[in-house]
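> Structure file run00.cif (mmCIF, C-alpha atoms) is given on the next line.
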```
data_input
loop_
_atom_site.label_atom_id
_atom_site.label_comp_id
_atom_site.auth_asym_id
_atom_site.auth_seq_id
_atom_site.Cartn_x
_atom_site.Cartn_y
_atom_site.Cartn_z
CA MET A 13 96.99 59.35 172.27
CA ARG A 14 93.35 58.83 171.56
CA GLU A 15 92.55 56.53 168.64
CA THR A 16 90.39 58.05 165.99
CA ARG A 17 88.10 56.15 163.64
CA THR A 18 87.51 57.37 160.15
CA THR A 19 83.85 57.53 159.33
CA ARG A 20 83.07 55.96 155.99
CA PRO A 21 81.03 58.05 153.60
CA TRP A 22 77.43 57.33 152.79
CA ARG A 23 76.52 55.86 149.42
CA GLU A 24 73.23 55.27 147.67
CA GLY A 25 72.12 51.64 147.21
CA ARG A 26 69.07 49.85 145.80
CA SER A 27 67.23 50.02 149.10
CA GLY A 28 68.27 53.60 150.07
CA TRP A 29 71.34 55.33 151.54
CA HIS A 30 73.86 53.22 153.50
CA ARG A 31 77.29 53.58 154.91
CA GLU A 32 79.95 51.74 152.95
CA GLU A 33 80.29 49.10 155.66
CA ASP A 34 76.58 48.37 155.37
CA VAL A 35 76.87 48.01 151.61
CA ASP A 36 79.86 45.73 152.08
CA GLY A 37 77.77 43.65 154.46
CA ASP A 38 75.00 43.35 151.91
CA LEU A 39 77.56 42.30 149.30
CA ASP A 40 78.99 39.62 151.60
CA ALA A 41 75.51 38.19 152.14
CA LEU A 42 74.92 38.14 148.40
CA VAL A 43 78.21 36.29 147.80
CA ARG A 44 77.33 33.69 150.46
CA ALA A 45 73.87 33.13 148.98
CA THR A 46 75.32 32.75 145.47
CA ALA A 47 77.92 30.26 146.65
CA ALA A 48 75.18 28.14 148.25
CA GLY A 49 73.74 27.38 144.81
CA PRO A 50 70.33 27.95 143.26
CA THR A 51 67.21 27.55 145.31
CA ALA A 52 65.65 24.11 144.85
CA ALA A 53 62.87 24.18 142.29
CA ALA A 54 59.35 23.63 143.53
CA PRO A 55 57.93 20.18 142.64
CA PRO A 56 55.69 20.23 139.57
CA PRO A 57 51.97 20.18 140.26
CA ARG A 58 50.42 16.70 140.23
CA SER A 59 48.56 16.08 136.99
CA ARG A 60 44.96 15.00 137.19
CA PRO A 61 44.23 11.45 136.03
CA ILE A 62 42.54 11.12 132.63
CA VAL A 63 38.94 10.08 133.13
CA ARG A 64 37.73 7.99 130.21
CA PRO A 65 34.03 7.44 129.49
CA ALA A 66 32.61 4.17 130.73
CA GLN A 67 32.60 1.41 128.14
CA HIS A 68 29.10 -0.05 128.12
CA ASP A 69 28.71 -3.78 127.60
CA VAL A 70 26.40 -2.99 124.68
CA VAL A 71 26.14 0.21 122.66
CA ILE A 72 23.04 0.86 120.59
CA GLY A 73 22.20 3.28 117.80
CA THR A 74 20.79 3.51 114.29
CA ALA A 75 22.00 3.73 110.72
CA GLU A 76 20.02 5.40 107.95
CA THR A 77 20.05 3.36 104.73
CA PRO A 78 18.14 3.26 101.42
CA VAL A 79 15.98 0.46 102.84
CA GLY A 80 15.13 2.34 106.03
CA PHE A 81 16.61 2.79 109.49
CA LEU A 82 18.52 -0.15 110.93
CA THR A 83 18.97 -0.62 114.66
CA LEU A 84 22.60 -1.43 115.46
CA ALA A 85 23.97 -2.95 118.65
CA LEU A 86 27.61 -3.69 119.35
CA THR A 87 29.25 -5.70 122.15
CA HIS A 88 32.92 -6.14 122.97
CA ARG A 89 32.80 -9.27 120.80
CA GLY A 90 31.30 -7.64 117.74
CA LEU A 91 28.06 -6.57 116.07
CA VAL A 92 25.20 -8.38 117.77
CA CYS A 93 22.30 -6.69 116.01
CA CYS A 94 21.52 -5.05 112.66
CA SER A 95 17.75 -5.11 112.64
CA PHE A 96 14.79 -3.55 110.87
CA ASP A 97 13.05 -3.60 114.26
CA SER A 98 12.94 -0.44 116.36
CA GLU A 99 15.26 0.15 119.30
CA ASP A 100 12.33 -0.36 121.69
CA SER A 101 11.78 -3.83 120.22
CA VAL A 102 15.46 -4.77 120.29
CA LEU A 103 16.32 -3.55 123.79
CA PRO A 104 14.50 -6.29 125.77
CA ARG A 105 16.22 -9.04 123.75
CA LEU A 106 19.63 -7.46 124.29
CA SER A 107 19.00 -7.04 128.00
CA ARG A 108 17.95 -10.67 128.47
CA ALA A 109 20.48 -12.39 126.22
CA VAL A 110 23.58 -10.17 126.50
CA SER A 111 23.61 -7.52 129.23
CA ALA A 112 21.48 -4.87 130.88
CA ASP A 113 24.38 -2.40 130.62
CA ILE A 114 23.28 -0.76 127.37
CA GLY A 115 24.22 2.78 126.40
CA ARG A 116 25.02 5.13 123.55
CA GLN A 117 28.55 5.67 122.29
CA ASP A 118 28.14 6.46 118.62
CA GLY A 119 31.86 6.49 117.97
CA ARG A 120 31.98 2.73 118.53
CA LEU A 121 29.28 2.24 115.88
CA ASP A 122 30.91 4.45 113.25
CA PRO A 123 32.97 1.62 111.64
CA VAL A 124 29.74 -0.34 111.11
CA ARG A 125 28.03 2.67 109.55
CA ARG A 126 30.99 3.28 107.22
CA GLU A 127 30.87 -0.29 105.96
CA LEU A 128 27.11 -0.14 105.46
CA ASN A 129 27.49 3.10 103.50
CA ALA A 130 30.14 1.49 101.31
CA TYR A 131 27.90 -1.53 100.74
CA PHE A 132 24.92 0.56 99.66
CA ASP A 133 27.21 2.62 97.40
CA GLY A 134 28.26 -0.59 95.67
CA ARG A 135 31.87 -0.25 96.86
CA LEU A 136 31.89 -3.16 99.34
CA THR A 137 30.97 -6.78 98.67
CA SER A 138 31.90 -8.31 102.03
CA PHE A 139 32.03 -6.94 105.57
CA SER A 140 34.98 -7.04 107.97
CA VAL A 141 33.04 -6.09 111.14
CA PRO A 142 33.30 -8.90 113.76
CA LEU A 143 29.98 -10.55 114.57
CA ASP A 144 28.46 -11.69 117.87
CA LEU A 145 25.80 -14.39 117.38
CA ARG A 146 24.49 -14.57 120.95
CA LEU A 147 20.96 -13.62 119.89
CA THR A 148 20.39 -16.93 118.12
CA SER A 149 20.45 -20.64 118.94
CA ASP A 150 23.20 -23.16 118.26
CA PHE A 151 21.36 -24.32 115.14
CA GLY A 152 20.82 -20.70 114.17
CA ARG A 153 24.56 -20.02 114.34
CA VAL A 154 25.24 -22.86 111.91
CA VAL A 155 22.63 -21.54 109.47
CA LEU A 156 23.68 -17.90 109.73
CA ARG A 157 27.40 -18.59 109.39
CA SER A 158 26.69 -20.54 106.21
CA LEU A 159 25.30 -17.34 104.68
CA LEU A 160 28.84 -15.97 104.52
CA ASP A 161 29.53 -18.58 101.83
CA VAL A 162 26.81 -17.17 99.56
CA PRO A 163 28.69 -14.52 97.55
CA TRP A 164 27.53 -11.03 96.66
CA GLY A 165 25.26 -11.02 93.62
CA THR A 166 24.24 -14.68 93.92
CA THR A 167 21.17 -16.42 95.35
CA LEU A 168 20.40 -19.80 96.88
CA THR A 169 17.14 -21.57 97.71
CA HIS A 170 16.18 -22.59 101.22
CA ALA A 171 16.41 -26.25 100.24
CA ARG A 172 19.89 -25.83 98.81
CA LEU A 173 21.09 -24.01 101.92
CA ALA A 174 19.70 -26.80 104.11
CA GLU A 175 21.68 -29.30 102.02
CA ARG A 176 24.87 -27.29 102.43
CA ILE A 177 24.72 -27.53 106.21
CA GLY A 178 23.87 -31.23 106.11
CA ARG A 179 20.25 -30.76 107.20
CA SER A 180 18.31 -31.38 103.99
CA ASN A 181 15.24 -32.40 106.02
CA ALA A 182 15.22 -29.12 107.98
CA VAL A 183 14.16 -26.67 105.27
CA ARG A 184 11.41 -25.18 107.43
CA ALA A 185 13.78 -24.73 110.38
CA VAL A 186 16.26 -23.01 108.08
CA ALA A 187 13.55 -20.66 106.81
CA ASN A 188 12.44 -19.85 110.37
CA THR A 189 16.02 -19.06 111.36
CA LEU A 190 16.44 -16.68 108.45
CA ALA A 191 13.18 -14.95 109.36
CA THR A 192 14.62 -14.10 112.79
CA ASN A 193 18.15 -13.22 111.62
CA PRO A 194 19.41 -10.67 114.19
CA ILE A 195 22.15 -9.30 111.89
CA CYS A 196 20.49 -8.47 108.58
CA VAL A 197 22.50 -7.28 105.56
CA LEU A 198 25.86 -8.29 107.05
CA LEU A 199 24.59 -11.88 107.31
CA PRO A 200 22.92 -11.86 103.87
CA CYS A 201 19.71 -13.79 104.42
CA HIS A 202 18.26 -11.71 101.55
CA ARG A 203 20.22 -13.94 99.16
CA ILE A 204 18.12 -16.96 100.13
CA VAL A 205 15.10 -17.08 97.86
CA PRO A 206 12.15 -19.37 97.03
CA GLU A 207 12.09 -21.82 94.14
CA ASP A 208 10.07 -19.42 91.96
CA TYR A 209 12.51 -16.51 92.23
CA PRO A 210 12.64 -13.96 90.58
CA ALA A 211 8.87 -14.02 90.26
CA GLU A 212 8.74 -14.01 94.05
CA VAL A 213 11.49 -12.91 96.45
CA GLY A 214 9.96 -14.53 99.52
CA PRO A 215 9.54 -13.17 103.06
CA TYR A 216 12.09 -10.82 104.61
CA ALA A 217 12.39 -8.97 107.93
CA GLY A 218 12.53 -5.62 106.13
CA GLY A 219 9.67 -6.52 103.79
CA PRO A 220 9.74 -7.79 100.19
CA ASP A 221 10.54 -4.35 98.76
CA ALA A 222 13.69 -4.07 100.89
CA LYS A 223 14.74 -7.60 99.88
CA ARG A 224 14.24 -6.88 96.20
CA TYR A 225 16.22 -3.63 96.58
CA LEU A 226 19.20 -5.50 98.08
CA LEU A 227 19.13 -8.20 95.40
CA THR A 228 18.91 -5.59 92.64
CA LEU A 229 21.71 -3.55 94.22
CA GLU A 230 24.03 -6.53 94.23
CA HIS A 231 23.11 -7.50 90.68
CA PHE A 232 23.68 -4.10 89.13
CA LYS A 233 26.27 -2.45 91.38
CA ARG A 234 28.99 -5.06 91.49
CA PRO A 235 32.32 -3.16 91.77
CA ALA A 236 34.51 -3.26 88.68
CA GLY A 237 36.80 -6.27 88.67
CA ASP A 238 34.86 -8.08 91.41
CA PRO A 239 34.81 -11.81 90.60
CA ALA A 240 31.59 -12.60 92.49
CA GLY A 241 28.78 -13.92 90.38
#
```
How does the structure come out when it is put into structure tokens?

Amino acid sequence: MRETRTTRPWREGRSGWHREEDVDGDLDALVRATAAGPTAAAPPPRSRPIVRPAQHDVVIGTAETPVGFLTLALTHRGLVCCSFDSEDSVLPRLSRAVSADIGRQDGRLDPVRRELNAYFDGRLTSFSVPLDLRLTSDFGRVVLRSLLDVPWGTTLTHARLAERIGRSNAVRAVANTLATNPICVLLPCHRIVPEDYPAEVGPYAGGPDAKRYLLTLEHFKRPAGDPAG
């Protein structure tokens, strides 16, 4: 007797019409693929490295104040210059004494500007900005550091300052150092006055009018409760 084979009916699938055995085959393949587990995820794309702007050895800029524009220069050690001189005048000194790598990054100077603004508003009597005294001599550093002991709103003569540093016979050298102070205002050389003050305020890098302005500011704008005097 001849064996007969029953033909399975056709059925419609996602990819068209198939016989049942074909559909069953597709189902078996699907089961095998599911049992094998999920396909491995593709590795995440490599992130690009963050490129930070170069940090110059010295950054330079200006600050506008009631006594005029001040040229500011900052190193990794601290503020190296706050001068009434123009940037063109300051740049050669910075290049010779500190570094030729000088650029502009105003964000690094913003803390200095904020403290200067607070000072001229009468809200700040002493500065917290670190200082870099590389633009002066060893003797100059001694003289300029001693200025930090002359409080807001007070004055001292050149002779008295010379006595304080133990160099009473070096009054002229003290005066010359103050005349070339590279960090005006923050190192308050304006508080050092001649014997006939207040009739005369004496020489100052920013001119006598700027010196008188600073002395008057400190006399009349002392913050409430400040003990200096």
> Got a sec: who's within 10 Å of His231 in chain A, counting only C-alpha atoms, leaving out chain neighbours fewer than 4 positions off, as number ranges by chain?
A: 134, 164-166, 225-227, 241
> Might you spell out which residues the PyMOL selection byres ((chain A and resi 122-127) around 12) would select in the displayed file, as number ranges by chain?
A: 71-77, 81-86, 90-94, 116-121, 128-143, 195, 197-198
> Which residue, A:Asn181, A:Ser101, A:Thr189, A:Thr169, has the smallest gap to Val155 in chain A when you use all atoms listed in the file?
A:Thr189
> With all atoms listed in the file as the counted atoms, please give the residues lying no more than 12 Å from Arg184 in chain A, apart from itself and same-chain residues fewer than 3 positions off, as an MDAnalysis selection string.
chainID A and resid 155 169:171 173:174 179:181 187:191 206
> Would you write out, as a list in words, every residue that the PyMOL selection byres ((chain A and resi 96) around 6) captures in this file?
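Going through the file, the PyMOL selection byres ((chain A and resi 96) around 6) ends up selecting Leu82, Ser95, Asp97 and Gly218 of chain A.
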> Counting only C-alpha atoms, which residue out of A:Arg176, A:Asn193, A:Leu168, A:Pro163 sits closest to Ser149 in chain A?
A:Asn193
> Out of A:Ala211, A:Val183, A:Phe232, A:Ile177, which residue has the shortest atom-to-atom distance to Leu159 in chain A when counting only C-alpha atoms?
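Smallest separation from Leu159 in chain A among the options: A:Ile177.
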> Could you tell me how far CA of Thr87 in chain A lies from CA of Thr192 in chain A, in Å and to one decimal?
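Answer for the CA of Thr87 in chain A to CA of Thr192 in chain A separation: 19.3 Å.
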> Excluding Val205 in chain A and its own-chain neighbours fewer than 2 positions away, which residues fall within 9 Å of it when counting all atoms listed in the file? Please give them as a list in words.
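Surrounding residues, per the criterion: Thr167, Leu168, Thr169, His170, Cys201, His202, Arg203, Glu207, Asp208, Tyr209, Pro210, Glu212, Val213, Gly214 and Pro215 of chain A.
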> Which residues are near Ala109 in chain A? Cut-off 8 Å, only C-alpha atoms, ignore same chain within fewer than 3 positions. Put them as number ranges by chain.
A: 105-106, 146-147
> Figure out the distance between CA of Leu160 in chain A and CA of Ser98 in chain A, please, to one decimal in Å.
25.2 Å
> May I ask for the distance between CA of Val162 in chain A and CA of Val110 in chain A, given in Å to one decimal place?
28.0 Å
> Given all atoms listed in the file as the basis, pick out the residue of A:Ala217, A:Ala112, A:Val186, A:Cys196 nearest to Arg172 in chain A.
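Closest to Arg172 in chain A of all the choices is A:Val186.
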